[in-house]
file structure-v1.cif (mmCIF, C-alpha atoms)
data_entry
loop_
_atom_site.label_atom_id
_atom_site.label_comp_id
_atom_site.auth_asym_id
_atom_site.auth_seq_id
_atom_site.Cartn_x
_atom_site.Cartn_y
_atom_site.Cartn_z
CA MET A 800 -32.69 14.17 -26.23
CA ILE A 801 -32.26 10.40 -25.81
CA ARG A 802 -34.57 8.46 -28.13
CA VAL A 803 -35.90 5.20 -26.68
CA LEU A 804 -37.66 2.24 -28.28
CA ILE A 805 -39.59 -0.08 -25.94
CA ALA A 806 -39.79 -3.77 -26.91
CA ASP A 807 -42.00 -5.89 -24.65
CA ASP A 808 -44.87 -8.25 -25.38
CA GLN A 809 -46.97 -6.88 -22.50
CA ALA A 810 -48.87 -3.74 -23.49
CA LEU A 811 -49.37 -2.66 -19.87
CA LEU A 812 -45.63 -2.73 -19.21
CA ARG A 813 -44.92 -0.80 -22.41
CA ALA A 814 -47.39 1.87 -21.32
CA SER A 815 -45.80 2.06 -17.87
CA PHE A 816 -42.32 2.43 -19.31
CA ARG A 817 -43.52 5.07 -21.79
CA LEU A 818 -45.15 7.12 -19.01
CA LEU A 819 -41.99 6.94 -16.90
CA LEU A 820 -39.62 7.85 -19.74
CA ASP A 821 -41.71 10.57 -21.37
CA ASN A 822 -41.92 12.42 -18.06
CA GLU A 823 -38.18 13.04 -18.19
CA PRO A 824 -37.01 16.20 -20.03
CA ASP A 825 -34.09 14.45 -21.74
CA LEU A 826 -35.85 11.19 -22.70
CA THR A 827 -38.48 10.48 -25.35
CA VAL A 828 -40.14 7.25 -26.48
CA VAL A 829 -40.05 6.99 -30.27
CA GLY A 830 -41.78 3.63 -30.67
CA GLU A 831 -43.15 0.45 -29.13
CA ALA A 832 -42.80 -3.16 -30.30
CA GLY A 833 -44.51 -6.30 -29.07
CA THR A 834 -42.11 -8.83 -30.61
CA GLY A 835 -38.41 -9.06 -31.35
CA ALA A 836 -39.10 -8.94 -35.09
CA GLU A 837 -41.14 -5.76 -34.68
CA ALA A 838 -38.34 -4.22 -32.62
CA VAL A 839 -35.76 -4.86 -35.34
CA ALA A 840 -38.01 -3.50 -38.09
CA LEU A 841 -39.09 -0.44 -36.10
CA ALA A 842 -35.54 0.38 -34.99
CA SER A 843 -34.47 0.74 -38.61
CA GLU A 844 -37.26 3.30 -39.11
CA VAL A 845 -37.19 5.42 -35.95
CA LYS A 846 -33.41 5.22 -35.22
CA PRO A 847 -33.51 5.03 -31.40
CA ASP A 848 -30.45 5.64 -29.23
CA VAL A 849 -31.51 2.97 -26.73
CA VAL A 850 -33.77 -0.07 -26.97
CA LEU A 851 -35.40 -1.35 -23.78
CA MET A 852 -35.51 -5.03 -24.73
CA ASP A 853 -37.56 -7.77 -23.11
CA ILE A 854 -36.11 -11.27 -23.54
CA ARG A 855 -39.16 -13.53 -23.73
CA MET A 856 -41.25 -12.39 -26.69
CA PRO A 857 -43.14 -14.24 -29.45
CA GLU A 858 -41.82 -14.71 -33.02
CA MET A 859 -38.29 -13.66 -32.09
CA ASP A 860 -36.84 -13.38 -28.60
CA GLY A 861 -34.93 -10.37 -27.32
CA ILE A 862 -31.54 -12.04 -27.60
CA GLU A 863 -31.90 -12.70 -31.33
CA ALA A 864 -33.36 -9.21 -31.85
CA THR A 865 -30.36 -7.70 -30.04
CA ARG A 866 -28.02 -9.66 -32.29
CA LEU A 867 -29.74 -8.25 -35.39
CA LEU A 868 -29.81 -4.61 -34.29
CA ASP A 869 -27.15 -2.34 -35.74
CA GLY A 870 -26.68 1.01 -34.08
CA PRO A 871 -28.78 1.46 -30.95
CA ARG A 872 -27.61 0.49 -27.48
CA VAL A 873 -29.65 -2.30 -25.93
CA LEU A 874 -30.71 -2.39 -22.29
CA VAL A 875 -32.20 -5.80 -21.53
CA LEU A 876 -35.04 -5.94 -19.01
CA THR A 877 -36.38 -9.23 -17.76
CA THR A 878 -38.09 -10.89 -14.81
CA PHE A 879 -35.82 -13.90 -15.23
CA ASP A 880 -32.46 -13.63 -13.47
CA LEU A 881 -31.05 -16.69 -15.24
CA ASP A 882 -27.48 -17.19 -16.44
CA GLU A 883 -28.44 -18.34 -19.92
CA TYR A 884 -30.23 -15.05 -20.56
CA VAL A 885 -27.47 -12.89 -19.10
CA PHE A 886 -24.72 -14.49 -21.17
CA GLY A 887 -26.85 -14.75 -24.29
CA ALA A 888 -27.83 -11.09 -24.13
CA LEU A 889 -24.28 -9.87 -23.52
CA ARG A 890 -22.80 -11.99 -26.28
CA ALA A 891 -25.51 -10.70 -28.63
CA GLY A 892 -24.32 -7.15 -27.98
CA ALA A 893 -26.45 -5.84 -25.11
CA SER A 894 -24.92 -2.95 -23.18
CA GLY A 895 -26.87 -3.49 -19.98
CA PHE A 896 -28.98 -6.01 -18.12
CA LEU A 897 -31.53 -5.15 -15.42
CA LEU A 898 -34.40 -6.96 -13.75
CA LYS A 899 -37.89 -5.52 -14.22
CA ASP A 900 -38.24 -4.92 -10.47
CA THR A 901 -35.44 -2.33 -10.66
CA PRO A 902 -36.63 0.94 -9.01
CA PRO A 903 -37.75 3.61 -11.53
CA ALA A 904 -34.93 6.01 -10.67
CA GLU A 905 -32.33 3.29 -11.32
CA LEU A 906 -33.97 2.40 -14.63
CA LEU A 907 -33.88 6.02 -15.79
CA ALA A 908 -30.23 6.27 -14.75
CA ALA A 909 -29.48 3.04 -16.61
CA VAL A 910 -30.97 4.39 -19.85
CA ARG A 911 -28.76 7.46 -19.59
CA VAL A 912 -25.65 5.42 -18.78
CA VAL A 913 -26.18 3.05 -21.71
CA ALA A 914 -26.98 5.94 -24.06
CA SER A 915 -23.66 7.57 -23.13
CA GLY A 916 -21.77 4.52 -24.38
CA GLU A 917 -21.10 2.87 -21.03
CA SER A 918 -22.19 -0.62 -20.01
CA LEU A 919 -24.35 -1.37 -17.02
CA LEU A 920 -24.98 -4.59 -15.13
CA SER A 921 -26.78 -5.08 -11.85
CA PRO A 922 -24.45 -6.22 -9.03
CA THR A 923 -25.99 -9.71 -8.97
CA VAL A 924 -25.49 -10.08 -12.71
CA THR A 925 -21.84 -9.00 -12.43
CA ARG A 926 -21.15 -11.54 -9.68
CA ARG A 927 -22.73 -14.35 -11.66
CA LEU A 928 -20.90 -13.36 -14.82
CA ILE A 929 -17.56 -13.50 -13.04
CA SER A 930 -18.25 -16.80 -11.30
CA GLU A 931 -19.42 -18.41 -14.53
CA PHE A 932 -16.30 -17.43 -16.47
CA VAL A 933 -14.09 -18.59 -13.61
CA ARG A 934 -15.60 -22.08 -13.99
CA GLN A 935 -15.18 -22.20 -17.77
CA PRO A 936 -11.93 -23.01 -19.58
CA ALA A 937 -10.41 -20.04 -21.37
CA SER A 938 -11.00 -19.72 -25.08
CA PRO A 939 -7.75 -20.26 -27.00
CA VAL A 940 -8.17 -17.14 -29.17
CA VAL A 941 -9.96 -13.83 -28.83
CA ARG A 942 -9.96 -12.03 -32.16
CA GLY A 943 -7.63 -9.02 -32.09
CA LEU A 944 -5.97 -9.82 -28.77
CA GLU A 945 -2.56 -10.21 -30.41
CA ARG A 946 -2.68 -6.50 -31.33
CA VAL A 947 -3.33 -5.32 -27.77
CA THR A 948 -0.34 -3.70 -26.04
CA GLU A 949 0.72 -4.54 -22.48
CA ARG A 950 -0.61 -1.22 -21.19
CA GLU A 951 -3.93 -1.80 -22.95
CA LYS A 952 -4.10 -5.24 -21.32
CA GLU A 953 -3.72 -3.56 -17.93
CA VAL A 954 -6.64 -1.30 -18.78
CA LEU A 955 -8.67 -4.26 -20.02
CA LEU A 956 -8.08 -6.13 -16.76
CA LEU A 957 -9.25 -3.15 -14.74
CA ILE A 958 -12.37 -2.76 -16.89
CA ALA A 959 -13.12 -6.47 -16.35
CA ARG A 960 -12.86 -5.91 -12.61
CA GLY A 961 -15.47 -3.18 -12.77
CA ARG A 962 -13.24 -0.12 -12.45
CA SER A 963 -14.53 3.23 -13.71
CA ASN A 964 -12.44 5.55 -15.89
CA ALA A 965 -11.58 7.65 -12.84
CA GLU A 966 -10.44 4.59 -10.90
CA ILE A 967 -8.33 3.38 -13.84
CA MET A 968 -6.78 6.83 -14.11
CA ALA A 969 -5.85 6.83 -10.40
CA GLU A 970 -4.53 3.26 -10.38
CA LEU A 971 -2.35 3.65 -13.48
CA HIS A 972 -1.41 7.29 -12.80
CA VAL A 973 -2.47 8.49 -16.23
CA SER A 974 -4.65 11.32 -17.54
CA PRO A 975 -8.36 11.03 -18.40
CA GLY A 976 -7.51 11.44 -22.07
CA THR A 977 -5.02 8.58 -21.93
CA VAL A 978 -7.61 6.26 -20.38
CA LYS A 979 -10.13 7.15 -23.07
CA THR A 980 -7.53 6.55 -25.77
CA HIS A 981 -6.68 3.10 -24.38
CA ILE A 982 -10.36 2.16 -24.17
CA GLY A 983 -10.96 3.38 -27.71
CA ASN A 984 -8.03 1.29 -28.93
CA LEU A 985 -9.37 -1.78 -27.10
CA LEU A 986 -12.83 -1.36 -28.60
CA ALA A 987 -11.36 -1.12 -32.09
CA LYS A 988 -8.81 -3.93 -31.76
CA LEU A 989 -11.19 -6.40 -30.09
CA HIS A 990 -14.15 -5.47 -32.32
CA ALA A 991 -16.22 -4.69 -29.22
CA ARG A 992 -19.27 -2.49 -29.14
CA ASP A 993 -18.80 -1.28 -25.57
CA ARG A 994 -17.35 -2.06 -22.13
CA ALA A 995 -19.65 -5.03 -21.58
CA GLN A 996 -18.11 -6.81 -24.55
CA LEU A 997 -14.63 -5.86 -23.36
CA VAL A 998 -15.41 -7.62 -20.08
CA ILE A 999 -16.46 -10.73 -21.96
CA ALA A 1000 -13.28 -10.62 -24.07
CA ALA A 1001 -11.14 -10.36 -20.93
CA TYR A 1002 -12.75 -13.43 -19.35
CA GLU A 1003 -12.96 -15.52 -22.50
CA SER A 1004 -9.29 -14.91 -23.27
CA GLY A 1005 -8.21 -16.02 -19.80
CA LEU A 1006 -6.67 -12.63 -18.94
CA VAL A 1007 -8.80 -12.55 -15.79
#
call {"tool": "encode", "arguments": {"input": "structure-v1.cif", "output": "structure tokens"}}
result
Amino acid sequence: MIRVLIADDQALLRASFRLLLDNEPDLTVVGEAGTGAEAVALASEVKPDVVLMDIRMPEMDGIEATRLLDGPRVLVLTTFDLDEYVFGALRAGASGFLLKDTPPAELLAAVRVVASGESLLSPTVTRRLISEFVRQPASPVVRGLERVTEREKEVLLLIARGRSNAEIMAELHVSPGTVKTHIGNLLAKLHARDRAQLVIAAYESGLV
């Protein structure tokens, strides 16, 4: 059972999300929060696997709340498809970013993907993320990059280009277990929570 906390300042939206999620046999809503501060406090009590996080909320916005959370995966939902929110949410540790007009079936799939430890970005978000990092100068240092092997860098580049584990396996002619080992090493060496943060590390370091 995947435990979900809903954080949104609109009660009607929270109720809609709860109805959608609770109708699924493998999903359950364990709490609702109307502000970022409430989300952080409630998450420490109910221990959700995934937090559906709105960005614009009173007292504390969703980006700051995401930064303060320790443990649950965060799937950011917003009506605002703006770069500053995308980059802020990802840097704060969000594992996924979707617009609120995402079809219900895609939202349910996204919760499951994020809960499994994967990252998820809508295609438009991915394109904007790539184009933004292409315009920016590379950061001189990404913490832990000096410990990454050449093979791990190959895997990191493929992750940054949106390849799945199966595609990485086929391209590098390695086993599924080897791919998982490389990804685990990258997460540990680069102090990344998930694949989304590995993508950011790849772009900020200038590898891509």
call {"tool": "resolve_selection", "arguments": {"input": "structure-v1.cif", "expression": "the PyMOL selection byres ((chain A and resi 981-986) around 10)", "output": "list in words"}}
result
Gly943, Leu944, Arg946, Val947, Thr948, Arg950, Glu951, Lys952, Glu953, Val954, Leu955, Ile958, Asn964, Gly976, Thr977, Val978, Lys979, Thr980, Ala987, Lys988, Leu989, His990, Ala991, Arg992, Asp993, Arg994, Gln996 and Leu997 of chain A
call {"tool": "write_last_selection", "arguments": {"input": "structure-v1.cif", "atoms": "C-alpha atoms", "output": "PDB file, in the frame of the given file"}}
result
ATOM      1  CA  GLY A 943      -7.630  -9.020 -32.090  1.00  0.00           C
ATOM      2  CA  LEU A 944      -5.970  -9.820 -28.770  1.00  0.00           C
ATOM      3  CA  ARG A 946      -2.680  -6.500 -31.330  1.00  0.00           C
ATOM      4  CA  VAL A 947      -3.330  -5.320 -27.770  1.00  0.00           C
ATOM      5  CA  THR A 948      -0.340  -3.700 -26.040  1.00  0.00           C
ATOM      6  CA  ARG A 950      -0.610  -1.220 -21.190  1.00  0.00           C
ATOM      7  CA  GLU A 951      -3.930  -1.800 -22.950  1.00  0.00           C
ATOM      8  CA  LYS A 952      -4.100  -5.240 -21.320  1.00  0.00           C
ATOM      9  CA  GLU A 953      -3.720  -3.560 -17.930  1.00  0.00           C
ATOM     10  CA  VAL A 954      -6.640  -1.300 -18.780  1.00  0.00           C
ATOM     11  CA  LEU A 955      -8.670  -4.260 -20.020  1.00  0.00           C
ATOM     12  CA  ILE A 958     -12.370  -2.760 -16.890  1.00  0.00           C
ATOM     13  CA  ASN A 964     -12.440   5.550 -15.890  1.00  0.00           C
ATOM     14  CA  GLY A 976      -7.510  11.440 -22.070  1.00  0.00           C
ATOM     15  CA  THR A 977      -5.020   8.580 -21.930  1.00  0.00           C
ATOM     16  CA  VAL A 978      -7.610   6.260 -20.380  1.00  0.00           C
ATOM     17  CA  LYS A 979     -10.130   7.150 -23.070  1.00  0.00           C
ATOM     18  CA  THR A 980      -7.530   6.550 -25.770  1.00  0.00           C
ATOM     19  CA  ALA A 987     -11.360  -1.120 -32.090  1.00  0.00           C
ATOM     20  CA  LYS A 988      -8.810  -3.930 -31.760  1.00  0.00           C
ATOM     21  CA  LEU A 989     -11.190  -6.400 -30.090  1.00  0.00           C
ATOM     22  CA  HIS A 990     -14.150  -5.470 -32.320  1.00  0.00           C
ATOM     23  CA  ALA A 991     -16.220  -4.690 -29.220  1.00  0.00           C
ATOM     24  CA  ARG A 992     -19.270  -2.490 -29.140  1.00  0.00           C
ATOM     25  CA  ASP A 993     -18.800  -1.280 -25.570  1.00  0.00           C
ATOM     26  CA  ARG A 994     -17.350  -2.060 -22.130  1.00  0.00           C
ATOM     27  CA  GLN A 996     -18.110  -6.810 -24.550  1.00  0.00           C
ATOM     28  CA  LEU A 997     -14.630  -5.860 -23.360  1.00  0.00           C
TER      29      LEU A 997
END
call {"tool": "resolve_selection", "arguments": {"input": "structure-v1.cif", "expression": "the PyMOL selection byres ((chain A and resi 825) around 12)", "output": "number ranges by chain"}}
result
A: 800-803, 819-824, 826-828, 907-908, 910-911, 914
call {"tool": "closest_residue", "arguments": {"input": "structure-v1.cif", "among": "A:Val998, A:Leu818, A:Ala840, A:Leu889", "to": "Pro903 in chain A", "atoms": "all atoms listed in the file"}}
result
A:Leu818
call {"tool": "closest_residue", "arguments": {"input": "structure-v1.cif", "among": "A:Ser918, A:Gln809, A:Ser1004, A:Ser815", "to": "Arg872 in chain A", "atoms": "all atoms listed in the file"}}
result
A:Ser918
call {"tool": "residues_around", "arguments": {"input": "structure-v1.cif", "residues": "Gly833 in chain A", "least_positions_apart": "4", "cutoff": "9 Å", "atoms": "all atoms listed in the file", "output": "list in words"}}
result
Ile805, Ala806, Asp807, Asp808, Gln809, Ala810, Arg813, Glu837, Ala838, Met856 and Pro857 of chain A
call {"tool": "atom_distance", "arguments": {"input": "structure-v1.cif", "atom1": "CA of Arg942 in chain A", "atom2": "CA of Glu1003 in chain A"}}
result
10.7 Å
call {"tool": "resolve_selection", "arguments": {"input": "structure-v1.cif", "expression": "the PyMOL selection byres ((chain A and resi 897) around 8)", "output": "MDAnalysis selection string"}}
result
chainID A and resid 874:877 895:896 898:899 901 906 920:921
call {"tool": "write_last_selection", "arguments": {"input": "structure-v1.cif", "atoms": "C-alpha atoms", "output": "compact mmCIF listing (two decimals), in the frame of the given file"}}
result
# COMPACT_ATOMS: atom_id res chain seq x y z
CA LEU A 874 -30.71 -2.39 -22.29
CA VAL A 875 -32.20 -5.80 -21.53
CA LEU A 876 -35.04 -5.94 -19.01
CA THR A 877 -36.38 -9.23 -17.76
CA GLY A 895 -26.87 -3.49 -19.98
CA PHE A 896 -28.98 -6.01 -18.12
CA LEU A 898 -34.40 -6.96 -13.75
CA LYS A 899 -37.89 -5.52 -14.22
CA THR A 901 -35.44 -2.33 -10.66
CA LEU A 906 -33.97 2.40 -14.63
CA LEU A 920 -24.98 -4.59 -15.13
CA SER A 921 -26.78 -5.08 -11.85
call {"tool": "closest_residue", "arguments": {"input": "structure-v1.cif", "among": "A:Ile967, A:Ala832, A:Val873, A:Leu804", "to": "Val845 in chain A", "atoms": "all atoms listed in the file"}}
result
A:Leu804
call {"tool": "residues_around", "arguments": {"input": "structure-v1.cif", "residues": "Ala891 in chain A", "least_positions_apart": "5", "cutoff": "8 Å", "atoms": "only C-alpha atoms", "output": "list in words"}}
result
Ile862, Glu863, Thr865 and Arg866 of chain A
call {"tool": "atom_distance", "arguments": {"input": "structure-v1.cif", "atom1": "CA of Ala909 in chain A", "atom2": "CA of Asp860 in chain A"}}
result
21.6 Å
call {"tool": "atom_distance", "arguments": {"input": "structure-v1.cif", "atom1": "CA of Ser843 in chain A", "atom2": "CA of Gly830 in chain A"}}
result
11.2 Å
call {"tool": "closest_residue", "arguments": {"input": "structure-v1.cif", "among": "A:Ala995, A:Val912, A:Leu1006, A:Val849", "to": "Arg890 in chain A", "atoms": "only C-alpha atoms"}}
result
A:Ala995
